[in-house]
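> You'll find protein-v2.txt just under this line, and it carries compact mmCIF, C-alpha atoms (C1' of nucleotides).
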# COMPACT_ATOMS: atom_id res chain seq x y z
CA MET A 29 20.53 21.99 -44.84
CA ARG A 30 20.78 22.75 -41.13
CA LEU A 31 17.91 21.27 -39.12
CA ALA A 32 17.25 21.58 -35.41
CA THR A 33 14.71 20.58 -32.78
CA TRP A 34 14.02 22.25 -29.44
CA ASN A 35 11.51 21.71 -26.67
CA VAL A 36 11.17 25.33 -25.55
CA ASN A 37 8.81 24.78 -22.57
CA SER A 38 6.50 27.65 -23.54
CA LEU A 39 7.22 29.68 -26.64
CA GLY A 40 5.67 32.69 -24.94
CA ALA A 41 8.29 32.55 -22.20
CA ARG A 42 11.09 31.61 -24.60
CA LEU A 43 10.50 33.69 -27.73
CA PRO A 44 13.42 36.12 -27.20
CA ARG A 45 15.80 33.23 -26.70
CA VAL A 46 14.43 31.32 -29.69
CA LEU A 47 14.77 34.34 -31.98
CA ALA A 48 18.31 35.02 -30.75
CA TRP A 49 19.23 31.39 -31.27
CA LEU A 50 17.80 31.37 -34.81
CA ALA A 51 19.93 34.38 -35.67
CA GLU A 52 23.03 32.82 -34.13
CA ALA A 53 22.73 29.15 -35.14
CA GLN A 54 21.15 29.84 -38.54
CA PRO A 55 19.16 26.63 -38.91
CA ASP A 56 17.16 26.27 -42.12
CA VAL A 57 14.45 24.36 -40.25
CA LEU A 58 13.62 24.44 -36.54
CA CYS A 59 11.10 22.10 -34.96
CA LEU A 60 9.60 23.32 -31.69
CA GLN A 61 7.80 21.40 -28.96
CA GLU A 62 5.82 22.50 -25.92
CA THR A 63 4.90 25.89 -27.31
CA LYS A 64 2.03 25.94 -24.77
CA MET A 65 -0.02 28.37 -26.81
CA ALA A 66 -3.12 28.52 -28.99
CA ASP A 67 -2.68 28.94 -32.75
CA GLY A 68 -4.05 32.47 -32.50
CA ALA A 69 -1.21 33.51 -30.18
CA PHE A 70 1.58 32.05 -32.31
CA PRO A 71 4.08 34.84 -33.18
CA ALA A 72 4.39 34.11 -36.89
CA GLU A 73 5.41 37.72 -37.62
CA ALA A 74 8.46 37.50 -35.36
CA PHE A 75 9.71 34.51 -37.35
CA ALA A 76 8.84 36.18 -40.64
CA GLU A 77 11.05 39.13 -39.74
CA LEU A 78 13.97 36.70 -39.61
CA GLY A 79 13.03 35.18 -42.96
CA TYR A 80 11.22 32.10 -41.71
CA GLU A 81 7.80 30.72 -42.50
CA ALA A 82 6.14 28.90 -39.63
CA THR A 83 3.32 26.46 -39.06
CA HIS A 84 1.94 25.71 -35.62
CA HIS A 85 -0.33 23.11 -34.10
CA GLY A 86 -1.32 24.32 -30.66
CA GLN A 87 -4.04 23.81 -28.11
CA GLY A 88 -3.29 26.43 -25.46
CA GLN A 89 -2.01 25.61 -22.02
CA TRP A 90 -0.24 22.36 -22.82
CA ASN A 91 1.67 20.72 -25.64
CA GLY A 92 1.89 22.51 -28.98
CA VAL A 93 4.36 21.89 -31.81
CA ALA A 94 5.67 24.03 -34.64
CA ILE A 95 7.91 23.89 -37.70
CA VAL A 96 9.83 27.02 -38.65
CA SER A 97 11.47 26.97 -42.08
CA ARG A 98 13.32 29.25 -44.46
CA LEU A 99 13.15 26.57 -47.19
CA GLY A 100 9.39 26.83 -47.51
CA LEU A 101 6.58 24.78 -46.00
CA ALA A 102 4.42 22.45 -48.07
CA GLU A 103 2.06 19.57 -47.46
CA VAL A 104 1.43 20.69 -43.89
CA GLN A 105 -0.34 17.99 -41.89
CA ARG A 106 -1.69 18.58 -38.40
CA HIS A 107 -4.21 15.77 -37.97
CA PHE A 108 -3.22 12.13 -37.94
CA GLY A 109 -6.10 10.25 -36.29
CA GLY A 110 -6.29 8.00 -33.27
CA THR A 111 -3.97 8.56 -30.33
CA LEU A 112 -1.73 10.86 -32.37
CA ASP A 113 -4.56 13.41 -32.16
CA ALA A 114 -6.31 12.33 -28.97
CA ALA A 115 -3.15 12.81 -26.91
CA GLY A 116 -3.16 16.54 -27.66
CA ALA A 117 -1.34 18.83 -30.08
CA ARG A 118 1.83 16.76 -30.31
CA LEU A 119 2.57 16.07 -33.97
CA LEU A 120 3.03 18.26 -37.02
CA ALA A 121 4.47 17.37 -40.42
CA ALA A 122 5.52 19.48 -43.39
CA ARG A 123 7.81 19.28 -46.40
CA CYS A 124 10.70 21.72 -46.08
CA GLY A 125 12.53 21.83 -49.38
CA SER A 126 13.04 18.18 -50.27
CA VAL A 127 12.71 16.81 -46.73
CA LEU A 128 9.55 15.57 -45.05
CA VAL A 129 9.90 16.92 -41.50
CA HIS A 130 7.97 15.75 -38.44
CA SER A 131 7.95 17.74 -35.19
CA VAL A 132 6.96 15.37 -32.38
CA TYR A 133 6.23 15.76 -28.69
CA VAL A 134 5.73 12.26 -27.31
CA PRO A 135 3.59 12.06 -24.15
CA ASN A 136 5.60 12.05 -20.93
CA GLY A 137 3.93 8.92 -19.54
CA ARG A 138 4.10 10.15 -15.95
CA GLU A 139 4.38 6.80 -14.13
CA VAL A 140 5.33 3.40 -15.52
CA GLY A 141 2.17 1.36 -15.89
CA SER A 142 -0.22 4.32 -15.61
CA GLU A 143 -2.89 5.08 -18.17
CA HIS A 144 -0.66 7.90 -19.40
CA PHE A 145 2.16 5.42 -19.84
CA VAL A 146 -0.10 3.20 -21.93
CA GLU A 147 -1.04 6.22 -24.04
CA LYS A 148 2.67 6.99 -24.55
CA LEU A 149 3.35 3.48 -25.85
CA ARG A 150 0.30 3.70 -28.10
CA PHE A 151 1.42 7.09 -29.41
CA LEU A 152 4.81 5.67 -30.42
CA ALA A 153 3.20 2.63 -32.04
CA GLU A 154 0.84 4.84 -34.02
CA LEU A 155 3.72 7.11 -35.01
CA ARG A 156 5.37 4.14 -36.67
CA SER A 157 2.10 3.17 -38.33
CA HIS A 158 1.70 6.70 -39.64
CA LEU A 159 5.18 6.59 -41.19
CA GLU A 160 4.37 3.24 -42.80
CA ARG A 161 1.21 4.64 -44.33
CA SER A 162 2.42 8.05 -45.38
CA THR A 163 5.98 7.74 -46.69
CA SER A 164 8.95 5.46 -47.32
CA PRO A 165 12.28 5.02 -45.52
CA GLU A 166 13.89 5.45 -48.96
CA ASP A 167 12.63 9.03 -49.06
CA LEU A 168 14.15 12.05 -47.32
CA VAL A 169 12.37 11.81 -43.99
CA CYS A 170 13.18 13.34 -40.62
CA VAL A 171 11.35 12.64 -37.37
CA CYS A 172 12.58 14.90 -34.63
CA GLY A 173 11.50 16.17 -31.29
CA ASP A 174 11.07 15.33 -27.64
CA MET A 175 10.66 11.56 -27.65
CA ASN A 176 10.49 11.44 -23.85
CA VAL A 177 12.50 8.20 -24.03
CA ALA A 178 16.22 7.79 -23.44
CA PRO A 179 17.13 5.14 -26.02
CA GLU A 180 19.90 3.43 -24.05
CA ASP A 181 21.59 3.49 -20.65
CA ARG A 182 24.40 5.62 -22.09
CA ASP A 183 21.77 8.32 -22.69
CA VAL A 184 21.11 8.94 -18.98
CA TRP A 185 23.36 10.30 -16.25
CA ASP A 186 22.87 7.33 -13.90
CA PRO A 187 20.90 4.28 -15.00
CA ALA A 188 20.88 2.91 -11.46
CA ALA A 189 19.34 6.09 -10.05
CA LEU A 190 16.59 5.93 -12.66
CA ALA A 191 15.74 2.25 -12.28
CA GLY A 192 11.98 1.80 -12.46
CA ALA A 193 11.40 5.34 -13.66
CA THR A 194 9.74 6.45 -16.82
CA HIS A 195 11.82 7.32 -19.93
CA VAL A 196 14.11 4.29 -19.49
CA SER A 197 11.78 1.30 -19.19
CA PRO A 198 12.16 -1.63 -21.62
CA GLU A 199 8.61 -1.04 -22.88
CA GLU A 200 9.32 2.58 -23.81
CA ARG A 201 12.65 1.74 -25.38
CA GLN A 202 11.08 -1.04 -27.44
CA ALA A 203 8.33 1.30 -28.62
CA LEU A 204 10.91 3.89 -29.67
CA GLN A 205 13.06 1.20 -31.29
CA ALA A 206 10.06 0.13 -33.35
CA VAL A 207 9.93 3.65 -34.78
CA LEU A 208 13.65 3.47 -35.57
CA ASP A 209 13.23 0.02 -37.10
CA TRP A 210 10.90 1.47 -39.71
CA GLY A 211 14.09 2.88 -41.17
CA LEU A 212 15.47 5.77 -39.14
CA VAL A 213 18.93 6.50 -37.74
CA ASP A 214 19.56 8.38 -34.47
CA ALA A 215 21.71 11.15 -35.96
CA LEU A 216 23.70 12.08 -32.88
CA ARG A 217 24.72 8.51 -32.17
CA ALA A 218 26.25 8.24 -35.61
CA PHE A 219 28.86 10.76 -34.44
CA THR A 220 29.02 10.47 -30.67
CA PRO A 221 29.26 7.03 -29.02
CA ALA A 222 30.13 8.38 -25.59
CA ALA A 223 27.81 8.65 -22.60
CA GLY A 224 27.19 12.01 -20.98
CA VAL A 225 25.50 13.75 -23.91
CA HIS A 226 22.14 14.98 -22.67
CA SER A 227 19.38 17.23 -24.01
CA TRP A 228 17.19 17.65 -20.91
CA TRP A 229 18.02 18.49 -17.32
CA ASP A 230 15.54 18.90 -14.47
CA TYR A 231 15.15 22.49 -13.30
CA ARG A 232 15.41 21.24 -9.72
CA GLY A 233 18.45 20.61 -7.64
CA GLY A 234 21.03 22.07 -9.99
CA ALA A 235 20.79 19.02 -12.23
CA PHE A 236 22.33 20.79 -15.21
CA HIS A 237 25.46 21.81 -13.34
CA LYS A 238 25.76 18.29 -11.89
CA ARG A 239 25.44 16.91 -15.42
CA GLN A 240 22.42 14.92 -14.30
CA GLY A 241 20.39 14.83 -17.51
CA MET A 242 19.00 12.58 -20.20
CA ARG A 243 19.17 12.51 -23.99
CA ILE A 244 15.49 12.40 -24.91
CA ASP A 245 15.41 14.95 -27.76
CA LEU A 246 16.33 13.15 -30.94
CA VAL A 247 16.80 13.80 -34.63
CA LEU A 248 15.91 10.61 -36.49
CA LEU A 249 16.90 10.44 -40.16
CA SER A 250 15.94 8.07 -42.94
CA ARG A 251 18.95 6.32 -44.46
CA PRO A 252 19.32 8.65 -47.47
CA LEU A 253 19.46 11.58 -45.05
CA ALA A 254 21.67 9.84 -42.50
CA GLU A 255 24.22 9.16 -45.24
CA ARG A 256 24.39 12.90 -45.81
CA CYS A 257 24.57 13.92 -42.16
CA ARG A 258 27.86 15.72 -41.49
CA LEU A 259 27.31 17.02 -37.96
CA ALA A 260 25.04 16.36 -34.99
CA LEU A 261 25.25 18.09 -31.64
CA VAL A 262 23.39 19.31 -28.59
CA ASP A 263 23.79 23.05 -28.05
CA ARG A 264 24.01 22.80 -24.28
CA ASN A 265 24.89 26.49 -24.00
CA GLU A 266 21.18 27.14 -24.47
CA ARG A 267 20.50 25.48 -21.11
CA LYS A 268 22.53 28.23 -19.44
CA GLY A 269 21.78 31.85 -18.63
CA GLU A 270 18.53 33.68 -17.95
CA ARG A 271 15.27 31.74 -18.14
CA PRO A 272 16.40 28.71 -20.10
CA SER A 273 14.12 25.91 -21.25
CA ASP A 274 14.86 22.68 -19.43
CA HIS A 275 15.77 21.27 -22.86
CA ALA A 276 18.64 22.26 -25.16
CA PRO A 277 18.38 22.32 -28.97
CA VAL A 278 19.69 19.42 -31.05
CA LEU A 279 21.15 20.39 -34.42
CA VAL A 280 22.23 18.48 -37.53
CA ASP A 281 23.85 19.49 -40.80
CA LEU A 282 22.79 17.59 -43.93
CA ALA A 283 24.78 17.81 -47.16
CA LEU A 284 21.97 17.87 -49.68
CA ASP A 285 23.72 19.79 -52.46
CA GLU A 286 24.57 16.62 -54.35
CA LEU A 287 20.87 15.92 -54.71
CA GLY A 288 20.53 18.62 -57.32
CA PRO A 289 17.98 21.43 -57.56
CA SER A 290 15.45 19.68 -55.37
CA GLY A 291 17.98 19.39 -52.52
C1' DA B 3 13.97 13.44 3.19
C1' DT B 4 8.11 12.18 -2.00
C1' DG B 5 12.05 17.11 -1.39
C1' DG B 6 13.46 20.49 -5.52
C1' DT B 7 11.97 24.35 -10.09
C1' DT B 8 9.49 26.32 -13.87
C1' DG B 9 5.24 27.63 -16.58
C1' DC B 10 0.50 28.55 -16.80
C1' DG B 11 -2.72 31.15 -14.61
C1' DA B 12 -4.33 32.56 -10.57
C1' DA B 13 -4.81 27.07 -7.16
C1' DG B 14 -3.00 23.19 -8.51
C1' DC B 15 -1.38 20.49 -12.17
C1' DA B 16 2.15 18.97 -15.43
C1' DA B 17 6.72 18.13 -16.40
Starting from the file, give its structure as structure tokens.

Amino acid sequence: MRLATWNVNSLGARLPRVLAWLAEAQPDVLCLQETKMADGAFPAEAFAELGYEATHHGQGQWNGVAIVSRLGLAEVQRHFGGTLDAAGARLLAARCGSVLVHSVYVPNGREVGSEHFVEKLRFLAELRSHLERSTSPEDLVCVCGDMNVAPEDRDVWDPAALAGATHVSPEERQALQAVLDWGLVDALRAFTPAAGVHSWWDYRGGAFHKRQGMRIDLVLLSRPLAERCRLALVDRNERKGERPSDHAPVLVDLALDELGPSG
DNA sequence: ATGGTTGCGAAGCAA
């Protein structure tokens, strides 16, 4: 099973690129964030033409998440209560084949200490609570998306330059770690210990070409899935060319064949 | 140097 996540920064603006990438990268499941569209505008037919079912949780101008799957979609959940709903259309879950997939767009937080920052910490805390209530770390569970937190200093281009900024504060990292501590593994870090692997680069100032980015888009796998993960990468080529998103897709390959028919 | 760029939507906000 090939699974990917991509903050597309408007699916309306990015649809041609997303469709081309689906055809090229051939993921079985693609989680999208920041679709920035209402459910009525979601281009389900375009995905269907490529053999994918899709489910979308949108609100219009901001946020919006989707799961696109050619392994089927079951048990779709788009309402989770509390901050997970109040913060906007930021979370969507569905079973794709044997895997319970979550597409997440964690609030940005804006400024450390702001009300938006508090909401971000609460969102992450409630995400962990939702996992506790709804499933088990012994099951095949994936939580992926734009976490808007760089887990460690090696995940940002220059920790000193970002001191005091959002995405790297101890509070945010602890809140993300609490999600991981439920029983999830950061897939890319299981393969790539080095610094310099990023998934987001500011549009401004040529940040991408200066390699001034952060790794904030994560694929988090429960242990049974992490044990079967054979590849994890950021497709940074998707940050190049005409009208890119400011995020690149993150992709993993999971060897689920040995699980039998349900895999 | 509070800059710079993109998207939405039609000015300013969010990221």
> Taking all atoms of stretch 178-190 of chain A that appear in the file, build a box with edges along x, y and z, extend it by 6 Å on every side, and state its centre and edge lengths in Å to one decimal, as AutoDock Vina command-line options.

--center_x 20.3 --center_y 6.6 --center_z -18.0 --size_x 20.2 --size_y 19.4 --size_z 28.0
> Find the residues of chain B that sit at most 7 Å from chain A; for each, write down the nearest two atoms and how far apart they are in Å, to one decimal. Count all atoms listed in the file. Sort by chain, then by number going up, and give it as JSON lines.

{"residue": "B:DG6", "atom": "C1'", "partner": "A:Arg232", "partner_atom": "CA", "distance": 4.7}
{"residue": "B:DT7", "atom": "C1'", "partner": "A:Arg232", "partner_atom": "CA", "distance": 4.7}
{"residue": "B:DT8", "atom": "C1'", "partner": "A:Tyr231", "partner_atom": "CA", "distance": 6.9}
{"residue": "B:DC10", "atom": "C1'", "partner": "A:Gln89", "partner_atom": "CA", "distance": 6.5}
> Just to confirm, what's the straight-line distance from atom CA of A:Ala206 to atom CA of A:Val177 in Å (one decimal)?
12.6 Å
> List as a Markdown table every residue of stretch 120-179 of chain A that is in contact with stretch 183-187 of chain A, defined as an atom at most 12 Å from one of its atoms (using all atoms listed in the file), together with the nearest atom pair and the distance in Å rounded to one decimal, sorted by chain and then rising number.

| residue | atom | partner | partner_atom | distance |
| --- | --- | --- | --- | --- |
| A:Asn176 | CA | A:Asp183 | CA | 11.8 |
| A:Val177 | CA | A:Asp183 | CA | 9.4 |
| A:Ala178 | CA | A:Asp183 | CA | 5.6 |
| A:Pro179 | CA | A:Asp183 | CA | 6.5 |
> For atom CA of A:Cys257 and atom CA of A:Val280, quote the distance in Å rounded to one decimal.
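Pair atom CA of A:Cys257 / atom CA of A:Val280 returns 6.9 Å.
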> Which residue, A:Arg251, A:His107, A:His237, A:His275, has the smallest gap to A:Glu166 when you use all atoms listed in the file?
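For A:Glu166, the nearest of the candidates is A:Arg251.
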> Atom CA of A:Ser131 and atom CA of A:Gly241 are how many Å apart?
21.8 Å
> For A:Ser126, which residue out of A:Ala102, A:Ala254, A:Leu249, A:Ala188 is the nearest one, using all atoms listed in the file?
A:Ala102
